[in-house]
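Novice: Let me begin by handing over the structure; questions about it come next.
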Amino acid sequence: MVIVLECSECGGRIKIPDDVLEGEIFSCPDCGMEYEVYINNGKVELKHAEIEGEDWGE
Ligand SMILES: [Zn+2]
């Protein structure tokens, strides 16, 4: 099975296998934004892949 999550940058669809492991990196096929997977209460979610030493704010 595949989970489809929305890119918060461009609204593109990011497909993630449901056996994904926390910490894996996926990039948006449309804009190339990189996301790191984390598991929140058994639910797969994405956060922006963090670049160490940088603070992008919100
Ligand atoms: Zn995108």
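By convention in this document, the chains of the structure tokens carry letters A, B, ... by their order, each chain's residues are numbered from 1, and ligands are numbered from 1 in the order they are shown.
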I want to know what sits within 12 Å of Ile16 of chain A, based on only C-alpha atoms, with residues of the same chain fewer than 5 positions away left out; could you give that as a list in words?
Specialist: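 Listing them by chain and then by number gives Met1, Val2, Ile3, Val4, Leu5, Glu6, Cys7, Leu21, Glu22, Glu24, Ile25, Phe26, Ser27, Cys28, Pro29, Tyr35, Glu36, Val37, Tyr38, Lys43, Val44, Glu45 and Leu46 of chain A.
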Novice: Could those selected residues go to a file with N, CA and C atoms, as a CSV table (one decimal), in the first residue's frame?
Specialist:
chain,number,residue,atom,x,y,z
A,1,MET,N,0.8,-1.2,0.0
A,1,MET,CA,0.0,0.0,0.0
A,1,MET,C,0.9,1.2,0.0
A,2,VAL,N,0.3,2.3,-0.5
A,2,VAL,CA,1.0,3.6,-0.6
A,2,VAL,C,0.2,4.6,0.0
A,3,ILE,N,0.9,5.5,0.8
A,3,ILE,CA,0.2,6.6,1.4
A,3,ILE,C,0.6,7.8,0.6
A,4,VAL,N,-0.4,8.7,0.3
A,4,VAL,CA,-0.2,9.9,-0.4
A,4,VAL,C,-0.3,11.1,0.5
A,5,LEU,N,0.7,11.8,0.6
A,5,LEU,CA,0.7,13.0,1.5
A,5,LEU,C,0.9,14.2,0.6
A,6,GLU,N,0.4,15.4,1.1
A,6,GLU,CA,0.5,16.6,0.3
A,6,GLU,C,1.7,17.4,0.7
A,7,CYS,N,2.4,17.9,-0.3
A,7,CYS,CA,3.6,18.8,-0.1
A,7,CYS,C,3.0,20.1,0.4
A,21,LEU,N,10.1,3.7,7.1
A,21,LEU,CA,10.8,3.8,8.4
A,21,LEU,C,11.0,5.2,8.7
A,22,GLU,N,10.8,5.5,10.0
A,22,GLU,CA,11.0,6.9,10.4
A,22,GLU,C,12.4,7.4,10.1
A,24,GLU,N,13.4,8.3,7.1
A,24,GLU,CA,13.6,8.3,5.6
A,24,GLU,C,13.3,9.6,5.0
A,25,ILE,N,14.0,9.9,3.9
A,25,ILE,CA,13.8,11.2,3.2
A,25,ILE,C,13.1,11.0,1.9
A,26,PHE,N,12.1,11.8,1.7
A,26,PHE,CA,11.4,11.8,0.4
A,26,PHE,C,11.4,13.2,-0.1
A,27,SER,N,11.4,13.3,-1.5
A,27,SER,CA,11.3,14.6,-2.0
A,27,SER,C,10.1,14.7,-2.9
A,28,CYS,N,9.5,15.9,-2.9
A,28,CYS,CA,8.4,16.2,-3.7
A,28,CYS,C,8.7,16.1,-5.2
A,29,PRO,N,7.9,15.3,-5.9
A,29,PRO,CA,8.2,15.1,-7.3
A,29,PRO,C,7.9,16.4,-8.1
A,35,TYR,N,11.6,16.0,2.4
A,35,TYR,CA,10.9,15.8,3.7
A,35,TYR,C,11.4,14.6,4.4
A,36,GLU,N,11.4,14.6,5.7
A,36,GLU,CA,11.8,13.5,6.5
A,36,GLU,C,10.5,12.9,7.1
A,37,VAL,N,10.4,11.6,7.1
A,37,VAL,CA,9.3,10.9,7.6
A,37,VAL,C,9.4,10.7,9.1
A,38,TYR,N,8.3,11.0,9.8
A,38,TYR,CA,8.2,10.6,11.2
A,38,TYR,C,6.9,9.9,11.4
A,43,LYS,N,0.8,7.1,12.7
A,43,LYS,CA,0.4,7.7,11.4
A,43,LYS,C,1.7,8.3,10.8
A,44,VAL,N,1.8,8.1,9.5
A,44,VAL,CA,3.0,8.6,8.8
A,44,VAL,C,2.8,10.1,8.5
A,45,GLU,N,3.7,10.9,8.9
A,45,GLU,CA,3.7,12.3,8.6
A,45,GLU,C,5.0,12.8,8.1
A,46,LEU,N,5.0,13.9,7.5
A,46,LEU,CA,6.2,14.5,6.9
A,46,LEU,C,6.6,15.8,7.6
Novice: Residues within 9 Å of ligand 1 should be enumerated using only C-alpha atoms and all ligand atoms and returned as a PyMOL selection string.
Specialist: chain A and resi 6-14+27-34
Novice: For the residues selected in the previous step, produce a file with C-alpha atoms as a PDB file, in the first residue's frame.
Specialist:
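Saved the output as result_20.pdb:
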ATOM      1  CA  GLU A   6       0.510  16.581   0.331  1.00  0.00           C
ATOM      2  CA  CYS A   7       3.551  18.762  -0.136  1.00  0.00           C
ATOM      3  CA  SER A   8       3.142  21.813   2.075  1.00  0.00           C
ATOM      4  CA  GLU A   9       5.152  23.892  -0.395  1.00  0.00           C
ATOM      5  CA  CYS A  10       3.309  23.288  -3.641  1.00  0.00           C
ATOM      6  CA  GLY A  11       0.425  20.929  -2.848  1.00  0.00           C
ATOM      7  CA  GLY A  12       1.992  18.164  -4.892  1.00  0.00           C
ATOM      8  CA  ARG A  13       1.402  14.539  -4.023  1.00  0.00           C
ATOM      9  CA  ILE A  14       4.190  12.643  -2.345  1.00  0.00           C
ATOM     10  CA  SER A  27      11.341  14.612  -2.027  1.00  0.00           C
ATOM     11  CA  CYS A  28       8.355  16.195  -3.680  1.00  0.00           C
ATOM     12  CA  PRO A  29       8.153  15.149  -7.336  1.00  0.00           C
ATOM     13  CA  ASP A  30       6.884  18.594  -8.287  1.00  0.00           C
ATOM     14  CA  CYS A  31       9.053  21.088  -6.416  1.00  0.00           C
ATOM     15  CA  GLY A  32      11.876  18.918  -5.064  1.00  0.00           C
ATOM     16  CA  MET A  33      11.347  19.919  -1.440  1.00  0.00           C
ATOM     17  CA  GLU A  34      12.814  17.278   0.823  1.00  0.00           C
TER      18      GLU A  34
END
Novice: Just asking: which residues within chain A are strand (DSSP E) according to DSSP, as number ranges by chain?
Specialist: A: 2-6, 13-17, 25-27, 34-40, 43-48
